[in-house]
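**Student:** Please find one structure pasted underneath; my questions will follow.
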Amino acid sequence: MTDSKDTSTQALPTPGAGPRMLHVPLTAIAPSLTNPRKHFDQAKLQELADSIKASGVHQPILLRPLPAHRVEDTLHTARAQKQAAPEYELVAGERRWRASQMAGLAEIPALIRPMTDAQALKAQIIENLQREDVTELEEAESYRALMDSEGSSADAIAAEVGRSRSYIFARLKVLDLCEHGRQLLREGKLDFSCALPIARIPNEQLQLKALEEATDTDYQGDRMSAREVQAMVRSQFMTKLEYASFDLEDASLCPLAGACTSCPHRTGNNPDLQAVVDSADVCTNPPCYHAKEEAHKAQVRERAVASGCEIITGREAKALIPTAYTSSIEGHVRLDVATDSPIKGKPLRAIVGKAMEQACIKPTLIENPHTKELVAVVRKDQAAELLKMAGKADAEAKLREAAQTDAEAKERHEKKVAADRFEREWRKALAVSTIKAVTGERTSSHIDMLAERMVATHIISMLNKDEATQLAQALDLGKVAQLDALKDYVKDHVQPVNVAAAVLVLRDCAYTPWLYEQYPDRKHNPTLMELAEACNIGVNTVKANVQANLRAEITKKAAASPDKSEAPKADLPLTPASRPSKGVGGGKGKNRKDPAALAGGGGRKLSANVAAASIAAALQALPGEPELGAAAATQGNVAEPVATDVAQALPPSAGITFATDKTIREQTPAAAGTGESVNDGQDGAAAKTGAAAKKAKAVLTAAELVGKPVRINANATQKKQKPWVDYEGTATAQCGPEAVIVSIPRAKGCAPIILSFHVSELDLVAEQEAA
């Protein structure tokens, strides 16, 4: 019984009907055959499997009862794997299902919903499109599957997924790629922006060629950009119809293709493609375009043969049109090219067409050897007669004048070609006769001398400025117009070819250590060594002389006029001349130092003279002259004397006495203790220990001072010596008969000051202390 207060209720569903939520064994699920997702990143799938293994599956997958048409194939697979037959088909969540298998789970949470094939496919597509990592190809395949399953149009799908119509068409267009192109797109080797222009090429072979160029890398490993791919496709795989030689409306040229005006491969008939190419008259099917060109040429040839026109081909045509850039045909006027017409803007056929028919004049057809196109022409005299018949007297006169000008120009050209050929031929014949005479077995001394002088002059003319300077210096030819002086030297030399040999020696005297390191077996300076040996010049003797000269040059620099050495740094007591002074040539409140103090400027590089003095100590490690002299003696050569100017100014390098580092350490007070300088950090007067009152009892020789501690006397008045008066140092080397090099130590970590002094400007520290 029911009363008025009872409410109607809906019947409970039959058990098993409607959506259900269960934990389903993984083996009871069969993968879908229509899932748009085909590629699964294994690295990301492993990450998901690790997450599931740690915390389980958070979102259930979507299943439907296994449809009847899948029972047979799933049963066959289950038997092969020795498993139970699956009960459900996977609709959405294949990544979670695969990752759960990798994680070793037995079951997975799932929502089971009865669905038809169409409903399942749509659910898969919509779910797939909502992914963030969906690829353009997968998206396009999803749109195509929707259109095939439901019969939807692109406009309907655009409205359903919230995209524009052009967006849907661009995605669908990529499906026109060949299978190789799709695979490159799946693997990430081709970008969608590069794939789309290639997909617009209707021919698979041309697509493969474009794909090869688009994926090829340059020497830096870079591929074409999307803009470059678009330009490549336009230039190589599209053709502008405005330059077509055939009628675009002629459907009989290629019956299967039809007329170009209605062809779907014409951009004007495809608005979306026209927006990309930005032109309505572009053919995107080059093979079809070229086929129509060939058909048109065949028609023109057939009509020409039928009407009795002359056709020029082969070598004769090549002579008339020698290159693809030939702008005119010699002796002929093109009927259909306006630039050949005497009336501007009108081709000749439009002017004399009726006159040609009346006179029964047939045009001559020349097959362009570069394009295979038939070009209709008439001879220039025929063109003049036709213009006269057409009543175009001015045009006739203009054409005849042009023909006369061309004939005169041709005659002048032929004469010039003949004259040039004559000049070349007689010179060539004269050269052959002269070569035979010069290389003959019997030649006079005059010919030999002239040949040598010519060879030497030619080689000298190839010298650069530096080489000419070096050779002129070696031959003592002065410093003015050295190249001309060398040429005059060759003219006056009794054996000019020897001067050419001198050039070869000069060019082979370079020292290239990297070359010998790379090629250790290579001979060093072979030309130089071979000619020096032939001239009986001892290599070791030269080495000994050069070494002696270098020693003398370095010691000469060390003993030269005052060194541009460094003045004391801030950590040493400054001399009165180098102390800061206020208001001397500077702005308000600024202190400036006098030139003596600025000369030091802590941290500046050593001067050339100071560096030379430092190198003098390093030369002690070089091999001694006696060794080289002994080596030279074994060859029967005697070492030459040192350069005259150096030898007169200084004693030979063997007379220089050097103090060893050990002697300096033992005899220099500053180095014997803590290694600090004699300076104690106070004012300059603190370093002066009454040296002016304690003079040396006797002046020692330079050799006796070497290795001993000395103090600089007040009579050291040179500009760079005066700041160091009363400072102590060590005489490290003799640099002249009465001069030594003194090393003045500074604070720890600072390089010593190197100066040269006369023996009278120095006092022995030991003698002063004793006094």
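Ordering of the structure tokens sets the chain letters (A, B, ...); residue numbers start at 1 within each chain; ligands are numbered from 1 in the order shown.
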Quick one: residues within 9 Å of A:Ala510, only C-alpha atoms counted, chain neighbours fewer than 3 positions away excluded, as a list of chain:residue names?

**Tutor:**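 Contacts, with the query itself left out: A:Leu506, A:Arg507, A:Asn525.
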
**Student:** Excluding A:Val91 and its own-chain neighbours fewer than 4 positions away, which residues fall within 12 Å of it when counting only C-alpha atoms? Please give them as a PyMOL selection string.

**Tutor:** chain A and resi 29-37+60-67+95-97+110-128

**Student:** Fewer than 2 positions away in the same chain doesn't count, so skip those; otherwise give me all residues within 9 Å of stretch 158-173 of chain A, counting only C-alpha atoms, as a ChimeraX atom specification.

**Tutor:** /A:126,129,136-137,139-141,143-144,153-156,175-177,196,199-200,272

**Student:** In stretch 314-419 of chain A, what's alpha helix (DSSP H) per DSSP? Answer as a PyMOL selection string?

**Tutor:** chain A and resi 314-320+348-359+380-389+393-419

**Student:** For stretch 735-737 of chain A, find every residue with an atom within 6 Å (counting only C-alpha atoms), except residues of its own chain fewer than 3 positions away, and show them as a list in words.

**Tutor:**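 Residues near the query, excluding close chain neighbours: Thr555, Ala559 and Val740 of chain A.
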
**Student:** Counting only C-alpha atoms, which residue out of A:Leu550, A:Cys263, A:Ile459, A:Ile447 sits closest to A:Ile435?

**Tutor:**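 Nearest to A:Ile435: A:Ile447.
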
**Student:** A:Glu107: which residues within 9 Å, counting only C-alpha atoms, same-chain residues fewer than 3 positions away excluded, as a CSV table (one decimal) with N, CA, C and O atoms, in the first residue's frame?

**Tutor:**
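Below you can see out.csv, which holds the result:
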chain,number,residue,atom,x,y,z
A,23,HIS,N,39.2,-3.1,-8.3
A,23,HIS,CA,40.7,-3.3,-8.5
A,23,HIS,C,40.8,-4.5,-9.5
A,23,HIS,O,40.4,-5.6,-9.1
A,24,VAL,N,41.3,-4.3,-10.6
A,24,VAL,CA,41.3,-5.3,-11.7
A,24,VAL,C,42.7,-5.9,-11.9
A,24,VAL,O,43.7,-5.1,-11.9
A,25,PRO,N,42.8,-7.2,-12.0
A,25,PRO,CA,44.1,-7.8,-12.3
A,25,PRO,C,44.7,-7.2,-13.6
A,25,PRO,O,44.0,-7.0,-14.6
A,26,LEU,N,46.0,-6.9,-13.6
A,26,LEU,CA,46.6,-6.4,-14.8
A,26,LEU,C,46.5,-7.3,-16.0
A,26,LEU,O,46.4,-6.9,-17.2
A,27,THR,N,46.5,-8.6,-15.7
A,27,THR,CA,46.4,-9.6,-16.8
A,27,THR,C,45.1,-9.7,-17.4
A,27,THR,O,44.9,-10.3,-18.5
A,100,SER,N,52.5,0.2,-14.1
A,100,SER,CA,52.1,-0.7,-13.1
A,100,SER,C,52.7,-2.1,-13.3
A,100,SER,O,53.2,-2.8,-12.4

**Student:** Between A:Arg379, A:Lys44, A:His69, A:Lys354, which is the closest to A:Arg98 once you count only C-alpha atoms?

**Tutor:**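 With only C-alpha atoms as the atom set, the closest residue is A:Lys44.
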
**Student:** If we count only C-alpha atoms, what is near A:Leu463 at a cut-off of 12 Å, once residues fewer than 3 positions away on the same chain are taken out, given as a list in words?

**Tutor:** Ala456, Thr457, His458, Ile459, Ile460, Asp466, Glu467, Ala468, Thr469, Gln470, Leu471, Ala472, Gln482, Leu483, Asp484, Leu486, Lys487, Ala500, Ala502, Val503, Leu504, Leu506 and Arg507 of chain A
